[in-house]
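Notes to accompany the following structure.
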Amino acid sequence: MNHQEIYQLLKYRRQELTSRMQSIKNDFTTSTELDDVLYTLAHETKLELSHVKTALDEIEAGEYGICSNCGKQIEISILTTNPYAKLCEDCCKTNV
């Protein structure tokens, strides 16, 4: 998998999360005992959507996959597993 493939997957994920947020908003139209669950889902969805948007912006700017600690390229195997990763393998090992 390369950055372009990750980019396409992130765009698809953004659509899914945006749709999920709309469904959650629609569910809030009536007050129920599930409001706490909806608030939690909304929060988690917003958080992941923020990660997706940041990753997409970084790809578009040519800054995606750069370790925030050392500045080296993050291994594609890490980005494939976690497209929001901010650390390369070496920095992950030293930050454990």
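Just remember, in the structure tokens the first chain shown is A, the second B, etc., residues are 1-based per chain, and ligands are 1-based in the order shown.
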Open item on the list: With only C-alpha atoms as the counted atoms, please give the residues lying no more than 8 Å from segment 22-25 of chain A, apart from itself and same-chain residues fewer than 5 positions off, as an NGL selection string.
Closed with: :A and (38 or 41-42)
TODO: List the neighbours of Glu48 of chain A out to 12 Å using only C-alpha atoms; skip same-chain residues closer than 6 positions along the sequence, and give me the result as a list in words.
DONE: Leu10, Arg13, Arg14, Gln15, Glu16, Leu17, Thr18, Arg20, Met21, Leu41, Ala42, Thr54, Ala55, Asn82, Pro83 and Tyr84 of chain A
Residues just named, written with C-alpha atoms as a PDB file, in the first residue's frame:
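The resulting file, selection.pdb, is shown below:
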```pdb
ATOM      1  CA  LEU A  10      -8.972   8.047   4.214  1.00  0.00           C
ATOM      2  CA  ARG A  13     -13.388   6.845   5.841  1.00  0.00           C
ATOM      3  CA  ARG A  14     -14.142  10.581   5.982  1.00  0.00           C
ATOM      4  CA  GLN A  15     -17.384   9.955   4.070  1.00  0.00           C
ATOM      5  CA  GLU A  16     -18.327   7.138   6.452  1.00  0.00           C
ATOM      6  CA  LEU A  17     -17.636   9.249   9.530  1.00  0.00           C
ATOM      7  CA  THR A  18     -19.496  12.253   8.158  1.00  0.00           C
ATOM      8  CA  ARG A  20     -22.244   8.553  10.960  1.00  0.00           C
ATOM      9  CA  MET A  21     -22.178  12.043  12.501  1.00  0.00           C
ATOM     10  CA  LEU A  41     -20.250   7.928  19.852  1.00  0.00           C
ATOM     11  CA  ALA A  42     -20.365  11.531  18.681  1.00  0.00           C
ATOM     12  CA  THR A  54      -5.342  16.001   9.432  1.00  0.00           C
ATOM     13  CA  ALA A  55      -3.927  13.009   7.543  1.00  0.00           C
ATOM     14  CA  ASN A  82      -2.444   3.131  11.611  1.00  0.00           C
ATOM     15  CA  PRO A  83      -2.838   5.886   9.000  1.00  0.00           C
ATOM     16  CA  TYR A  84      -2.770   8.487  11.801  1.00  0.00           C
TER      17      TYR A  84
END
```
Open item on the list: Write out as a ChimeraX atom specification the set of residues from chain A that DSSP, computed on the backbone, places in alpha helix (DSSP H).
Closed with: /A:3-27,35-61,76-81,89-94
Take the selection from the previous step and output its residues with C-alpha atoms, as an mmCIF file, in the first residue's frame.
```cif
data_model
loop_
_atom_site.group_PDB
_atom_site.id
_atom_site.type_symbol
_atom_site.label_atom_id
_atom_site.label_comp_id
_atom_site.auth_asym_id
_atom_site.auth_seq_id
_atom_site.Cartn_x
_atom_site.Cartn_y
_atom_site.Cartn_z
ATOM 1 C CA HIS A 3 0.355 7.012 0.223
ATOM 2 C CA GLN A 4 -2.111 7.393 -2.666
ATOM 3 C CA GLU A 5 -3.949 4.224 -1.640
ATOM 4 C CA ILE A 6 -4.018 5.396 1.977
ATOM 5 C CA TYR A 7 -5.331 8.749 0.723
ATOM 6 C CA GLN A 8 -8.233 7.024 -1.057
ATOM 7 C CA LEU A 9 -9.020 4.927 2.027
ATOM 8 C CA LEU A 10 -8.972 8.047 4.214
ATOM 9 C CA LYS A 11 -11.328 9.863 1.840
ATOM 10 C CA TYR A 12 -13.718 6.918 2.044
ATOM 11 C CA ARG A 13 -13.388 6.845 5.841
ATOM 12 C CA ARG A 14 -14.142 10.581 5.982
ATOM 13 C CA GLN A 15 -17.384 9.955 4.070
ATOM 14 C CA GLU A 16 -18.327 7.138 6.452
ATOM 15 C CA LEU A 17 -17.636 9.249 9.530
ATOM 16 C CA THR A 18 -19.496 12.253 8.158
ATOM 17 C CA SER A 19 -22.491 10.040 7.468
ATOM 18 C CA ARG A 20 -22.244 8.553 10.960
ATOM 19 C CA MET A 21 -22.178 12.043 12.501
ATOM 20 C CA GLN A 22 -25.334 12.954 10.596
ATOM 21 C CA SER A 23 -27.069 9.824 11.855
ATOM 22 C CA ILE A 24 -26.024 10.592 15.418
ATOM 23 C CA LYS A 25 -27.315 14.160 15.087
ATOM 24 C CA ASN A 26 -30.620 12.795 13.812
ATOM 25 C CA ASP A 27 -30.826 10.443 16.796
ATOM 26 C CA ASP A 35 -28.148 9.967 25.137
ATOM 27 C CA ASP A 36 -24.940 9.118 27.029
ATOM 28 C CA VAL A 37 -24.114 6.486 24.425
ATOM 29 C CA LEU A 38 -24.839 8.944 21.616
ATOM 30 C CA TYR A 39 -22.606 11.587 23.204
ATOM 31 C CA THR A 40 -19.786 9.041 23.464
ATOM 32 C CA LEU A 41 -20.250 7.928 19.852
ATOM 33 C CA ALA A 42 -20.365 11.531 18.681
ATOM 34 C CA HIS A 43 -17.177 12.363 20.568
ATOM 35 C CA GLU A 44 -15.287 9.341 19.233
ATOM 36 C CA THR A 45 -16.529 10.008 15.704
ATOM 37 C CA LYS A 46 -15.452 13.669 15.863
ATOM 38 C CA LEU A 47 -12.037 12.632 17.156
ATOM 39 C CA GLU A 48 -11.460 10.113 14.382
ATOM 40 C CA LEU A 49 -12.805 12.552 11.784
ATOM 41 C CA SER A 50 -10.256 15.085 13.010
ATOM 42 C CA HIS A 51 -7.455 12.515 12.587
ATOM 43 C CA VAL A 52 -8.674 11.691 9.075
ATOM 44 C CA LYS A 53 -8.842 15.350 8.065
ATOM 45 C CA THR A 54 -5.342 16.001 9.432
ATOM 46 C CA ALA A 55 -3.927 13.009 7.543
ATOM 47 C CA LEU A 56 -5.638 14.065 4.307
ATOM 48 C CA ASP A 57 -4.313 17.610 4.689
ATOM 49 C CA GLU A 58 -0.801 16.263 5.301
ATOM 50 C CA ILE A 59 -0.989 14.032 2.202
ATOM 51 C CA GLU A 60 -2.189 16.951 0.080
ATOM 52 C CA ALA A 61 0.645 19.141 1.422
ATOM 53 C CA ILE A 76 4.524 2.249 5.197
ATOM 54 C CA SER A 77 3.747 -0.872 7.256
ATOM 55 C CA ILE A 78 2.997 1.368 10.242
ATOM 56 C CA LEU A 79 0.904 3.788 8.164
ATOM 57 C CA THR A 80 -1.036 0.904 6.639
ATOM 58 C CA THR A 81 -1.915 -0.335 10.129
ATOM 59 C CA GLU A 89 9.321 2.542 14.285
ATOM 60 C CA ASP A 90 12.544 3.651 15.969
ATOM 61 C CA CYS A 91 10.845 6.484 17.856
ATOM 62 C CA CYS A 92 7.974 4.183 18.857
ATOM 63 C CA LYS A 93 10.513 1.831 20.428
ATOM 64 C CA THR A 94 12.247 4.601 22.357
#
```
- [ ] For Lys72 of chain A, please output as a VMD selection string all residues within 12 Å (counting only C-alpha atoms; exclusion window: fewer than 3 positions along the same chain).
- [x] chain A and resid 63 to 69 75 86 to 91
